[in-house]
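Shown here: data29.cif, mmCIF, C-alpha atoms and all ligand atoms.
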data_start
loop_
_atom_site.label_atom_id
_atom_site.label_comp_id
_atom_site.auth_asym_id
_atom_site.auth_seq_id
_atom_site.Cartn_x
_atom_site.Cartn_y
_atom_site.Cartn_z
CA MET A 165 -31.48 2.06 5.90
CA LYS A 166 -28.83 4.70 6.48
CA VAL A 167 -25.29 4.61 5.16
CA PHE A 168 -22.50 6.99 6.15
CA ILE A 169 -19.58 7.59 3.77
CA THR A 170 -16.71 9.03 5.78
CA SER A 171 -15.18 11.00 2.88
CA LYS A 172 -15.80 12.19 -0.65
CA ILE A 173 -15.24 9.12 -2.77
CA SER A 174 -16.34 8.72 -6.39
CA SER A 175 -20.04 9.68 -6.74
CA VAL A 176 -20.89 6.31 -8.30
CA ALA A 177 -21.00 4.82 -4.78
CA LYS A 178 -23.73 7.17 -3.62
CA ALA A 179 -25.66 6.77 -6.88
CA LEU A 180 -25.75 2.98 -6.50
CA LEU A 181 -26.88 3.19 -2.87
CA VAL A 182 -29.58 5.78 -3.54
CA LYS A 183 -30.93 3.62 -6.37
CA GLU A 184 -31.54 0.94 -3.73
CA GLY A 185 -33.58 3.37 -1.61
CA ILE A 186 -30.79 3.78 0.93
CA THR A 187 -30.37 7.13 2.68
CA VAL A 188 -26.78 8.28 2.18
CA LYS A 189 -24.87 10.81 4.23
CA GLU A 190 -21.38 11.84 3.22
CA TYR A 191 -18.79 13.67 5.26
CA PRO A 192 -19.11 17.09 3.63
CA LYS A 193 -15.61 18.47 4.08
CA ASN A 194 -12.56 17.95 1.87
CA LYS A 195 -10.38 16.83 4.76
CA THR A 196 -9.92 13.86 7.03
CA ILE A 197 -12.82 13.33 9.41
CA SER A 198 -11.94 13.88 13.07
CA ARG A 199 -12.39 11.10 15.61
CA ASP A 200 -15.31 12.92 17.30
CA GLU A 201 -17.07 13.55 13.99
CA LEU A 202 -16.52 9.91 13.07
CA ILE A 203 -18.08 8.69 16.33
CA ASN A 204 -21.08 11.03 15.98
CA SER A 205 -21.75 10.27 12.33
CA THR A 206 -21.44 6.48 12.52
CA LYS A 207 -23.27 5.66 15.76
CA ASN A 208 -26.69 5.25 14.12
CA ALA A 209 -25.62 4.14 10.64
CA ASP A 210 -26.66 0.73 9.28
CA GLY A 211 -23.66 0.71 6.96
CA ILE A 212 -20.36 2.59 6.86
CA ILE A 213 -17.99 3.21 3.95
CA SER A 214 -14.64 3.86 5.65
CA LEU A 215 -11.12 4.92 4.74
CA LEU A 216 -7.83 3.33 5.78
CA THR A 217 -7.05 6.50 7.74
CA GLU A 218 -9.88 5.83 10.22
CA LYS A 219 -9.23 3.56 13.16
CA PHE A 220 -12.17 1.24 13.85
CA ASP A 221 -10.92 -0.07 17.19
CA LYS A 222 -12.96 -1.71 19.98
CA ASP A 223 -13.82 1.66 21.45
CA LEU A 224 -15.38 2.95 18.20
CA ILE A 225 -17.02 -0.36 17.31
CA ASP A 226 -18.68 -0.43 20.75
CA LYS A 227 -20.38 2.87 19.93
CA LEU A 228 -21.99 1.55 16.71
CA GLN A 229 -25.63 0.84 17.52
CA ASN A 230 -27.06 -0.33 14.19
CA CYS A 231 -24.06 -1.15 12.06
CA LYS A 232 -24.23 -4.30 9.93
CA VAL A 233 -21.37 -3.60 7.54
CA ILE A 234 -18.12 -1.64 7.41
CA ALA A 235 -16.94 -1.47 3.79
CA ASN A 236 -13.32 -0.31 3.79
CA TYR A 237 -12.33 1.69 0.69
CA ALA A 238 -8.99 -0.17 0.48
CA VAL A 239 -7.69 -3.71 0.22
CA GLY A 240 -5.65 -3.37 3.42
CA TYR A 241 -7.75 -3.52 6.60
CA ASN A 242 -5.21 -3.07 9.39
CA ASN A 243 -7.21 0.02 10.46
CA ILE A 244 -10.12 -2.18 11.57
CA ASP A 245 -10.33 -4.62 14.47
CA VAL A 246 -11.97 -7.20 12.21
CA ASP A 247 -12.29 -9.95 14.83
CA TYR A 248 -14.02 -7.62 17.25
CA ALA A 249 -16.36 -6.26 14.55
CA LYS A 250 -17.25 -9.84 13.60
CA SER A 251 -17.94 -10.72 17.23
CA LYS A 252 -20.52 -7.91 17.17
CA GLY A 253 -22.15 -9.32 14.03
CA ILE A 254 -20.66 -6.67 11.74
CA VAL A 255 -19.44 -7.76 8.30
CA VAL A 256 -16.18 -6.09 7.22
CA THR A 257 -15.33 -5.89 3.52
CA ASN A 258 -12.35 -4.62 1.49
CA THR A 259 -11.59 -3.90 -2.19
CA PRO A 260 -9.29 -6.63 -3.52
CA ASP A 261 -8.43 -7.19 -7.21
CA VAL A 262 -9.81 -3.89 -8.58
CA LEU A 263 -6.73 -2.02 -7.34
CA THR A 264 -4.09 -4.66 -8.07
CA ASP A 265 -2.94 -3.27 -11.43
CA ALA A 266 -2.88 0.36 -10.30
CA THR A 267 -0.81 -0.48 -7.22
CA ALA A 268 1.57 -2.70 -9.18
CA GLU A 269 2.08 0.22 -11.59
CA ILE A 270 3.10 2.40 -8.65
CA ALA A 271 5.53 -0.25 -7.38
CA VAL A 272 7.08 -0.44 -10.87
CA SER A 273 7.15 3.37 -11.10
CA LEU A 274 9.07 3.54 -7.83
CA ILE A 275 11.48 0.83 -8.94
CA LEU A 276 12.27 2.70 -12.18
CA ALA A 277 12.39 6.09 -10.47
CA CYS A 278 14.91 4.71 -7.97
CA SER A 279 17.04 2.71 -10.38
CA ARG A 280 17.30 5.51 -12.97
CA ARG A 281 17.29 8.43 -10.52
CA ILE A 282 14.33 10.06 -12.22
CA VAL A 283 13.41 12.49 -9.46
CA GLU A 284 16.99 13.66 -8.89
CA SER A 285 17.36 14.17 -12.64
CA ASP A 286 14.11 16.09 -12.89
CA ASN A 287 15.19 18.36 -10.02
CA PHE A 288 18.53 18.90 -11.78
CA MET A 289 16.71 20.16 -14.90
CA ARG A 290 14.46 22.45 -12.90
CA GLU A 291 17.50 23.89 -11.16
CA LYS A 292 18.79 24.71 -14.69
CA LYS A 293 21.95 22.64 -14.12
CA PHE A 294 21.85 20.74 -17.42
CA VAL A 295 24.65 21.95 -19.67
CA GLY A 296 24.84 19.04 -22.08
CA TRP A 297 25.29 15.29 -22.37
CA GLU A 298 27.89 13.86 -20.01
CA PRO A 299 29.25 10.31 -19.85
CA LYS A 300 28.70 9.91 -16.12
CA LEU A 301 25.67 12.11 -15.52
CA PHE A 302 23.14 10.38 -13.22
CA GLN A 303 24.31 6.85 -13.78
CA GLY A 304 21.84 4.39 -12.36
CA ILE A 305 21.32 0.67 -12.05
CA GLN A 306 20.12 -1.28 -15.06
CA LEU A 307 17.37 -3.81 -14.36
CA THR A 308 18.26 -6.33 -17.07
CA ASN A 309 19.17 -9.70 -15.52
CA LYS A 310 18.83 -8.31 -11.99
CA THR A 311 17.07 -10.22 -9.22
CA LEU A 312 13.74 -8.89 -7.98
CA GLY A 313 12.69 -10.13 -4.54
CA ILE A 314 8.97 -9.97 -3.86
CA VAL A 315 8.07 -9.94 -0.16
CA GLY A 316 4.46 -11.19 -0.19
CA ALA A 317 3.58 -12.78 -3.52
CA GLY A 318 -0.16 -12.16 -3.38
CA ARG A 319 -2.24 -10.25 -5.91
CA ILE A 320 -0.13 -7.07 -6.04
CA GLY A 321 3.22 -8.80 -5.48
CA GLN A 322 2.58 -11.14 -8.40
CA ALA A 323 1.31 -8.32 -10.65
CA THR A 324 4.50 -6.35 -9.89
CA ALA A 325 6.70 -9.37 -10.65
CA ARG A 326 4.86 -9.97 -13.94
CA ARG A 327 5.56 -6.41 -15.04
CA MET A 328 9.21 -6.54 -13.94
CA LYS A 329 9.76 -9.77 -15.86
CA GLY A 330 9.34 -7.57 -18.94
CA PHE A 331 12.44 -5.62 -17.87
CA GLY A 332 14.46 -8.83 -17.77
CA CYS A 333 14.40 -9.42 -14.01
CA LYS A 334 14.75 -12.83 -12.37
CA ILE A 335 12.06 -13.32 -9.74
CA ILE A 336 12.47 -14.73 -6.24
CA TYR A 337 9.82 -14.43 -3.53
CA TYR A 338 9.14 -14.83 0.17
CA ASN A 339 5.60 -15.80 1.06
CA LYS A 340 3.62 -17.83 3.58
CA SER A 341 2.32 -20.36 1.07
CA LYS A 342 3.99 -21.69 -2.09
CA LYS A 343 2.53 -20.06 -5.21
CA VAL A 344 2.72 -22.88 -7.75
CA GLU A 345 1.07 -21.12 -10.71
CA PHE A 346 3.19 -18.01 -10.16
CA GLU A 347 6.35 -20.13 -10.09
CA LYS A 348 5.38 -21.76 -13.37
CA GLU A 349 4.39 -18.55 -15.10
CA LEU A 350 7.45 -16.48 -14.21
CA ASN A 351 9.99 -19.13 -13.27
CA ALA A 352 9.85 -17.59 -9.79
CA LYS A 353 11.63 -19.28 -6.87
CA LYS A 354 10.45 -19.32 -3.26
CA VAL A 355 13.24 -18.49 -0.79
CA THR A 356 13.64 -17.55 2.86
CA LEU A 357 13.39 -13.87 3.78
CA GLU A 358 17.10 -13.87 4.68
CA LYS A 359 18.08 -15.29 1.28
CA LEU A 360 15.83 -12.80 -0.49
CA LEU A 361 17.30 -9.81 1.32
CA LYS A 362 20.88 -10.95 0.83
CA THR A 363 20.59 -11.71 -2.89
CA SER A 364 18.00 -9.33 -4.38
CA ASP A 365 18.98 -6.25 -6.36
CA VAL A 366 15.46 -4.87 -6.00
CA ILE A 367 13.11 -5.69 -3.11
CA SER A 368 9.41 -4.86 -3.35
CA ILE A 369 7.18 -5.24 -0.29
CA HIS A 370 3.60 -6.50 -0.66
CA VAL A 371 2.64 -8.32 2.57
CA PRO A 372 -0.34 -6.99 4.52
CA LEU A 373 0.36 -5.30 7.86
CA ASN A 374 -0.52 -7.59 10.76
CA LYS A 375 1.03 -8.87 14.00
CA GLN A 376 3.37 -11.18 12.07
CA THR A 377 4.57 -8.60 9.53
CA LYS A 378 4.95 -5.53 11.77
CA ASN A 379 8.67 -4.69 11.68
CA LEU A 380 9.32 -7.72 9.47
CA LEU A 381 12.25 -5.81 7.99
CA ASP A 382 13.92 -4.81 11.26
CA LYS A 383 17.50 -3.59 11.76
CA GLU A 384 18.97 -7.05 11.53
CA LYS A 385 17.11 -7.80 8.28
CA LEU A 386 17.86 -4.41 6.70
CA ASP A 387 21.57 -4.97 7.39
CA MET A 388 21.37 -7.96 5.03
CA LEU A 389 20.67 -5.75 1.98
CA LYS A 390 23.37 -5.38 -0.67
CA PRO A 391 25.08 -1.96 -0.91
CA THR A 392 23.51 -1.65 -4.37
CA ALA A 393 20.00 -2.67 -3.27
CA ILE A 394 16.83 -0.77 -4.08
CA LEU A 395 13.98 -1.19 -1.58
CA VAL A 396 10.42 -0.24 -2.51
CA ASN A 397 7.47 -0.26 -0.12
CA THR A 398 3.92 0.10 -1.40
CA ALA A 399 2.38 -2.06 1.36
CA ARG A 400 2.43 -0.40 4.80
CA GLY A 401 5.12 1.70 6.48
CA GLU A 402 5.12 -0.26 9.74
CA ILE A 403 6.44 -3.40 7.97
CA VAL A 404 9.87 -1.76 7.80
CA GLU A 405 11.91 -0.25 10.63
CA GLU A 406 11.78 3.12 8.92
CA LYS A 407 14.17 5.01 11.20
CA TYR A 408 16.90 2.47 10.54
CA LEU A 409 16.19 2.49 6.80
CA ILE A 410 16.62 6.28 6.82
CA LYS A 411 19.96 5.80 8.59
CA LEU A 412 21.10 3.32 5.93
CA LEU A 413 20.07 5.72 3.15
CA LYS A 414 21.87 8.64 4.83
CA GLN A 415 25.05 6.59 4.99
CA ASN A 416 24.58 5.34 1.41
CA LYS A 417 24.58 1.75 2.69
CA ILE A 418 21.98 0.87 0.00
CA PHE A 419 21.44 2.47 -3.42
CA SER A 420 17.98 3.94 -2.85
CA ALA A 421 14.45 3.40 -1.59
CA GLY A 422 10.99 4.19 -2.88
CA PHE A 423 8.17 4.94 -0.47
CA ASP A 424 4.43 5.11 -1.10
CA VAL A 425 3.64 4.37 2.54
CA TYR A 426 5.09 5.53 5.85
CA THR A 427 5.21 4.67 9.51
CA ASN A 428 2.58 6.63 11.40
CA GLU A 429 0.84 8.33 8.45
CA PRO A 430 0.16 11.19 8.03
CA ASN A 431 2.88 12.20 10.53
CA TYR A 432 5.72 10.81 8.44
CA ASN A 433 9.36 11.22 9.43
CA LYS A 434 10.57 14.55 8.02
CA GLU A 435 14.15 13.23 7.81
CA LEU A 436 12.96 11.49 4.65
CA LEU A 437 12.75 14.85 2.89
CA LYS A 438 16.53 15.32 3.20
CA LEU A 439 17.35 12.11 1.35
CA LYS A 440 18.43 12.43 -2.28
CA ASN A 441 18.39 8.65 -2.66
CA ALA A 442 14.71 8.24 -1.77
CA VAL A 443 11.62 8.69 -3.90
CA LEU A 444 8.57 9.75 -1.88
CA LEU A 445 4.94 9.38 -2.95
CA PRO A 446 1.86 10.36 -0.92
CA HIS A 447 0.21 6.91 -0.65
CA ILE A 448 -1.20 6.92 -4.19
CA GLY A 449 -0.99 3.20 -5.01
CA SER A 450 -4.61 2.82 -6.10
CA ALA A 451 -5.09 6.42 -7.25
CA THR A 452 -6.11 6.06 -10.89
CA PHE A 453 -9.44 7.37 -12.18
CA GLU A 454 -10.38 3.86 -13.29
CA THR A 455 -9.48 2.08 -10.06
CA ARG A 456 -11.01 4.61 -7.67
CA ASP A 457 -14.31 4.29 -9.58
CA SER A 458 -14.13 0.50 -9.41
CA MET A 459 -13.40 0.67 -5.68
CA ALA A 460 -16.42 2.95 -5.18
CA LYS A 461 -18.68 0.51 -7.04
CA LEU A 462 -17.34 -2.40 -5.02
CA VAL A 463 -17.83 -0.78 -1.60
CA ALA A 464 -21.37 0.20 -2.57
CA LYS A 465 -22.23 -3.31 -3.79
CA ASN A 466 -20.82 -4.82 -0.61
CA VAL A 467 -22.99 -2.54 1.52
CA ILE A 468 -26.09 -3.18 -0.61
CA ASN A 469 -25.67 -6.94 -0.40
CA VAL A 470 -25.23 -7.00 3.37
CA LEU A 471 -28.13 -4.61 4.00
CA ASN A 472 -30.31 -6.84 1.79
CA GLY A 473 -29.34 -9.90 3.82
CA LYS A 474 -27.10 -11.32 1.08
CA PRO A 475 -23.45 -12.35 1.35
CA ALA A 476 -20.93 -9.56 0.74
CA LEU A 477 -18.94 -9.76 -2.51
CA THR A 478 -15.54 -9.38 -0.83
CA PRO A 479 -15.86 -10.03 2.91
CA ILE A 480 -12.79 -10.33 5.11
CA THR A 481 -13.01 -13.86 6.46
P1 LIG A 501 -2.91 -10.35 -0.88
O1 LIG A 501 -3.34 -10.79 -2.23
O2 LIG A 501 -3.62 -10.85 0.32
O3 LIG A 501 -1.34 -10.68 -0.75
C1 LIG A 501 -0.65 -10.70 0.44
C2 LIG A 501 0.41 -11.79 0.37
O4 LIG A 501 1.20 -11.73 1.55
C3 LIG A 501 -0.19 -13.21 0.29
O5 LIG A 501 0.45 -13.91 -0.74
C4 LIG A 501 0.12 -13.79 1.66
O6 LIG A 501 0.41 -15.18 1.62
C5 LIG A 501 1.37 -13.04 2.04
N1 LIG A 501 1.55 -12.98 3.50
C6 LIG A 501 0.67 -12.60 4.43
N2 LIG A 501 1.20 -12.65 5.65
C7 LIG A 501 2.46 -13.10 5.49
C8 LIG A 501 3.53 -13.40 6.37
N3 LIG A 501 3.40 -13.21 7.69
N4 LIG A 501 4.69 -13.86 5.85
C9 LIG A 501 4.80 -14.05 4.52
N5 LIG A 501 3.84 -13.81 3.64
C10 LIG A 501 2.69 -13.34 4.11
O7 LIG A 501 -2.96 -8.76 -0.77
P2 LIG A 501 -2.79 -7.67 -1.95
O8 LIG A 501 -4.10 -7.39 -2.55
O9 LIG A 501 -1.65 -8.07 -2.81
O10 LIG A 501 -2.37 -6.39 -1.06
C11 LIG A 501 -1.21 -6.41 -0.29
C12 LIG A 501 -1.09 -5.17 0.58
O11 LIG A 501 -0.76 -4.05 -0.21
C13 LIG A 501 -2.37 -4.73 1.29
O12 LIG A 501 -2.58 -5.46 2.49
C14 LIG A 501 -2.15 -3.27 1.54
O13 LIG A 501 -1.57 -3.07 2.82
C15 LIG A 501 -1.16 -2.86 0.48
N6 LIG A 501 -1.74 -1.93 -0.52
C16 LIG A 501 -1.23 -0.67 -0.62
C17 LIG A 501 -1.72 0.19 -1.57
C18 LIG A 501 -1.17 1.58 -1.72
O14 LIG A 501 -1.93 2.49 -2.00
N7 LIG A 501 0.12 1.78 -1.55
C19 LIG A 501 -2.76 -0.21 -2.42
C20 LIG A 501 -3.26 -1.49 -2.29
C21 LIG A 501 -2.73 -2.36 -1.34
P3 LIG A 501 -0.72 -16.35 1.55
O15 LIG A 501 -1.37 -16.23 0.22
O16 LIG A 501 0.07 -17.60 1.73
O17 LIG A 501 -1.66 -16.04 2.70
C1 LIG A 502 -4.29 1.04 0.17
O1 LIG A 502 -3.32 1.29 0.82
C2 LIG A 502 -5.05 -0.15 0.27
O2 LIG A 502 -4.77 -0.95 1.17
O3 LIG A 502 -5.97 -0.33 -0.55
C1 LIG A 503 22.17 8.77 -26.55
O1 LIG A 503 21.38 9.69 -26.70
C2 LIG A 503 22.63 7.92 -27.59
O2 LIG A 503 22.34 8.18 -28.76
O3 LIG A 503 23.29 6.95 -27.24
#
So, in terms of structure tokens, how does the structure I just supplied come out?
Amino acid sequence: MKVFITSKISSVAKALLVKEGITVKEYPKNKTISRDELINSTKNADGIISLLTEKFDKDLIDKLQNCKVIANYAVGYNNIDVDYAKSKGIVVTNTPDVLTDATAEIAVSLILACSRRIVESDNFMREKKFVGWEPKLFQGIQLTNKTLGIVGAGRIGQATARRMKGFGCKIIYYNKSKKVEFEKELNAKKVTLEKLLKTSDVISIHVPLNKQTKNLLDKEKLDMLKPTAILVNTARGEIVEEKYLIKLLKQNKIFSAGFDVYTNEPNYNKELLKLKNAVLLPHIGSATFETRDSMAKLVAKNVINVLNGKPALTPIT
């Protein structure tokens, strides 16, 4: 059996596969694989370990001759046409749970960085502008007793809410299904998206990107935000109408926004760089040493199971 890993992930993945007698090829370069290289390297593979930056559309899937499993090194799988892969008998897997805490930590980091203007303050120091304590220097928004609105109260949304409860936030959420345990644990209330956007002080986005959630926060919805609102997106850029959000930030119509994800990555909108009231991260939600190792183990185990004719550990159903 032959497995192709499309990038350099933690070496534990390769070690596990080799132990099973699987032949492993890795993309050798320290950059994103090109479409042509991806097509050439995957066409004969029995298993593929893929990244969220690679588009497994019908065209690419049609070129796979032996593939039994695509193990995506991410929990999100909007880069893969899962239904089409399944119709071709290919199992698609993702990496849920192991990255929940790391990503929730990044959501909380963005919330704090936005509310307390951490990046602006750090820049101020580096520009040698600090001349002493001042009563009104970099005043921010205190989180105590504020309302946190979670858009998508799944694994990461709930983990973010749990952490923010510790800062004294009240939790409301918008989600497809009612999350009874979550409501009990955090005294969280399910509301409509409109109510959430109109009443939250902090909004954190955690829905997956799909046909229903693309542009979920469009112009009309973004106009509902309070002038003091903080909006944080660690899910996918395309869930928010980014151009309009940039316009709101430019006009100071909301307090600030934190981004870990962008529309059309990696070609993000350079207007973002001009905004003082935005905190920008390079899609590092799951990027801890611990989590990236766990993700590598999980993708390898998923591939091993499928190639051995067993059910995958975390298949996308
Ligand atoms: P999850 O457990 O599946 O949670 C998603 C939640 O969204 C579920 O509660 C689901 O509701 C809800 N939902 C789905 N579609 C909806 C809709 N149309 N309207 C309202 N609610 C909807 O996923 P997760 O593990 O928390 O991950 C969430 C997303 O975070 C991923 O898909 C990925 O895009 C992103 N992510 C980003 C990073 C990063 O590096 N920044 C890292 C990890 C994940 P039900 O339970 O009722 O279906
Ligand atoms: C990262 O964005 C993921 O979906 O795991
Ligand atoms: C600030 O440093 C304070 O002591 O209040």
With all atoms listed in the file as the counted atoms, please give the residues lying no more than 7 Å from Ile335 (chain A), apart from itself and same-chain residues fewer than 5 positions off, as a list of chain:residue names. A:Thr311, A:Leu312, A:Gly313, A:Ala325, A:Ala352, A:Lys353
Could you save those same residues with C-alpha atoms as a PDB file, keeping the file's coordinate frame?
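Saved the output as result-v8.pdb:
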ATOM      1  CA  THR A 311      17.070 -10.220  -9.220  1.00  0.00           C
ATOM      2  CA  LEU A 312      13.740  -8.890  -7.980  1.00  0.00           C
ATOM      3  CA  GLY A 313      12.690 -10.130  -4.540  1.00  0.00           C
ATOM      4  CA  ALA A 325       6.700  -9.370 -10.650  1.00  0.00           C
ATOM      5  CA  ALA A 352       9.850 -17.590  -9.790  1.00  0.00           C
ATOM      6  CA  LYS A 353      11.630 -19.280  -6.870  1.00  0.00           C
TER       7      LYS A 353
END
Env of Asn428 (chain A): 8 Å cut, atoms = only C-alpha atoms, seq-sep filter 2 positions within chain, self excluded. Answer as a list in words. Gly401, Glu402, Tyr426, Pro430, Asn431 and Tyr432 of chain A
Which residues, written as an MDAnalysis selection string, have at least one atom at most 12 Å from Ile244 (chain A), with only C-alpha atoms counted and residues fewer than 3 positions away on the same chain left out? chainID A and resid 214:225 234:241 247:250 254:258 373:374 480
Please list as a PyMOL selection string every residue within 12 Å of Ala179 (chain A), counting all atoms listed in the file and excluding residues in the same chain fewer than 2 positions away. chain A and resi 173-177+181-189+457+460-461+464-465+468
If we count all atoms listed in the file and set the cut-off at 10 Å, which residues sit around Asn416 (chain A), ignoring sequence neighbours fewer than 5 positions away in its own chain? Please answer as an MDAnalysis selection string. chainID A and resid 391:392 410:411 439 441
With 6 Å of padding per side, what axis-aligned box (centre and edge lengths, Å, one decimal) covers all the listed atoms of region 401-408 of chain A? Give it as AutoDock Vina command-line options.
--center_x 11.0 --center_y 0.8 --center_z 8.8 --size_x 23.8 --size_y 20.4 --size_z 16.7
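Using all atoms listed in the file for every distance, the candidate list A:Arg280, A:Lys207, A:Arg199, A:Arg456 yields A:Lys207 as the residue closest to Phe168 (chain A).
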Students should find that CA of Leu180 (chain A) and CA of Ala451 (chain A) are spaced 21.0 Å
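Of the residues under consideration (A:Leu361, A:Met459, A:Ala266, A:Val366), A:Ala266 shows the shortest atom-to-atom contact distance to ligand LIG 501 (chain A) when counting all atoms listed in the file.
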For ligand LIG 501 (chain A), return the neighbouring residues as a PDB file with C-alpha atoms, in the frame of the given file (distance at most 7 Å; all atoms listed in the file).
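As written to disk, out.pdb reads:
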ATOM      1  CA  ALA A 238      -8.990  -0.170   0.480  1.00  0.00           C
ATOM      2  CA  VAL A 239      -7.690  -3.710   0.220  1.00  0.00           C
ATOM      3  CA  GLY A 240      -5.650  -3.370   3.420  1.00  0.00           C
ATOM      4  CA  TYR A 241      -7.750  -3.520   6.600  1.00  0.00           C
ATOM      5  CA  PRO A 260      -9.290  -6.630  -3.520  1.00  0.00           C
ATOM      6  CA  ASP A 261      -8.430  -7.190  -7.210  1.00  0.00           C
ATOM      7  CA  LEU A 263      -6.730  -2.020  -7.340  1.00  0.00           C
ATOM      8  CA  THR A 264      -4.090  -4.660  -8.070  1.00  0.00           C
ATOM      9  CA  THR A 267      -0.810  -0.480  -7.220  1.00  0.00           C
ATOM     10  CA  VAL A 315       8.070  -9.940  -0.160  1.00  0.00           C
ATOM     11  CA  GLY A 316       4.460 -11.190  -0.190  1.00  0.00           C
ATOM     12  CA  ALA A 317       3.580 -12.780  -3.520  1.00  0.00           C
ATOM     13  CA  GLY A 318      -0.160 -12.160  -3.380  1.00  0.00           C
ATOM     14  CA  ARG A 319      -2.240 -10.250  -5.910  1.00  0.00           C
ATOM     15  CA  ILE A 320      -0.130  -7.070  -6.040  1.00  0.00           C
ATOM     16  CA  GLY A 321       3.220  -8.800  -5.480  1.00  0.00           C
ATOM     17  CA  TYR A 338       9.140 -14.830   0.170  1.00  0.00           C
ATOM     18  CA  ASN A 339       5.600 -15.800   1.060  1.00  0.00           C
ATOM     19  CA  LYS A 340       3.620 -17.830   3.580  1.00  0.00           C
ATOM     20  CA  SER A 341       2.320 -20.360   1.070  1.00  0.00           C
ATOM     21  CA  LYS A 342       3.990 -21.690  -2.090  1.00  0.00           C
ATOM     22  CA  HIS A 370       3.600  -6.500  -0.660  1.00  0.00           C
ATOM     23  CA  VAL A 371       2.640  -8.320   2.570  1.00  0.00           C
ATOM     24  CA  PRO A 372      -0.340  -6.990   4.520  1.00  0.00           C
ATOM     25  CA  LEU A 373       0.360  -5.300   7.860  1.00  0.00           C
ATOM     26  CA  GLN A 376       3.370 -11.180  12.070  1.00  0.00           C
ATOM     27  CA  THR A 377       4.570  -8.600   9.530  1.00  0.00           C
ATOM     28  CA  THR A 398       3.920   0.100  -1.400  1.00  0.00           C
ATOM     29  CA  ALA A 399       2.380  -2.060   1.360  1.00  0.00           C
ATOM     30  CA  ARG A 400       2.430  -0.400   4.800  1.00  0.00           C
ATOM     31  CA  ASP A 424       4.430   5.110  -1.100  1.00  0.00           C
ATOM     32  CA  VAL A 425       3.640   4.370   2.540  1.00  0.00           C
ATOM     33  CA  HIS A 447       0.210   6.910  -0.650  1.00  0.00           C
ATOM     34  CA  ILE A 448      -1.200   6.920  -4.190  1.00  0.00           C
ATOM     35  CA  GLY A 449      -0.990   3.200  -5.010  1.00  0.00           C
ATOM     36  CA  SER A 450      -4.610   2.820  -6.100  1.00  0.00           C
TER      37      SER A 450
END
Step by step, measure atom-to-atom distances between ligand LIG 503 (chain A) and each residue using all atoms listed in the file, keep those at most 12 Å, then write them as a PyMOL selection string. chain A and resi 296-299
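CA of Leu386 (chain A) to CA of Asp365 (chain A) spans 13.2 Å [interatomic distance, one decimal].
Distance annotation: of A:Cys231, A:Leu360, A:Ile270, A:Ile418, the residue with the minimal separation from Asp387 (chain A) is A:Ile418; atom set is only C-alpha atoms.
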Which of A:Asp245, A:Glu345, A:Glu291, A:Asp265 sits closest to ligand LIG 502 (chain A) [using all atoms listed in the file]: A:Asp265
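CA of Leu350 (chain A) is found 20.2 Å from CA of Val396 (chain A).
Nearest residue to Pro192 (chain A), choosing from A:Gln229, A:Asn242, A:Ser171, A:Ser205 and counting all atoms listed in the file: A:Ser171.
Nearest to Asp286 (chain A) of all the residues A:Ile394, A:Lys378, A:Val443, A:Ala323 is A:Val443, based on all atoms listed in the file.
If you count all atoms listed in the file and draw a sphere of 7 Å around (17.6, 2.6, -3.1), the protein and nucleic acid residues inside it come out as Cys278, Ala393, Ile394, Leu395, Ile418, Phe419, Ser420, Ala421, Gly422, Asn441 and Ala442 of chain A.
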For region 361-369 of chain A, supply N, CA and C atoms and format the output as an mmCIF file, in the coordinates of the input.
data_model
loop_
_atom_site.group_PDB
_atom_site.id
_atom_site.type_symbol
_atom_site.label_atom_id
_atom_site.label_comp_id
_atom_site.auth_asym_id
_atom_site.auth_seq_id
_atom_site.Cartn_x
_atom_site.Cartn_y
_atom_site.Cartn_z
ATOM 1 N N LEU A 361 16.697 -11.104 1.011
ATOM 2 C CA LEU A 361 17.300 -9.810 1.320
ATOM 3 C C LEU A 361 18.784 -9.776 0.965
ATOM 4 N N LYS A 362 19.446 -10.912 1.119
ATOM 5 C CA LYS A 362 20.880 -10.950 0.830
ATOM 6 C C LYS A 362 21.186 -10.995 -0.662
ATOM 7 N N THR A 363 20.248 -11.501 -1.475
ATOM 8 C CA THR A 363 20.590 -11.710 -2.890
ATOM 9 C C THR A 363 19.826 -10.821 -3.874
ATOM 10 N N SER A 364 18.783 -10.130 -3.424
ATOM 11 C CA SER A 364 18.000 -9.330 -4.380
ATOM 12 C C SER A 364 18.680 -8.006 -4.705
ATOM 13 N N ASP A 365 18.535 -7.589 -5.961
ATOM 14 C CA ASP A 365 18.980 -6.250 -6.360
ATOM 15 C C ASP A 365 17.868 -5.243 -6.096
ATOM 16 N N VAL A 366 16.628 -5.704 -6.276
ATOM 17 C CA VAL A 366 15.460 -4.870 -6.000
ATOM 18 C C VAL A 366 14.532 -5.659 -5.094
ATOM 19 N N ILE A 367 14.044 -5.026 -4.026
ATOM 20 C CA ILE A 367 13.110 -5.690 -3.110
ATOM 21 C C ILE A 367 11.810 -4.879 -3.115
ATOM 22 N N SER A 368 10.702 -5.554 -3.347
ATOM 23 C CA SER A 368 9.410 -4.860 -3.350
ATOM 24 C C SER A 368 8.499 -5.514 -2.325
ATOM 25 N N ILE A 369 7.943 -4.708 -1.429
ATOM 26 C CA ILE A 369 7.180 -5.240 -0.290
ATOM 27 C C ILE A 369 5.677 -5.217 -0.569
#
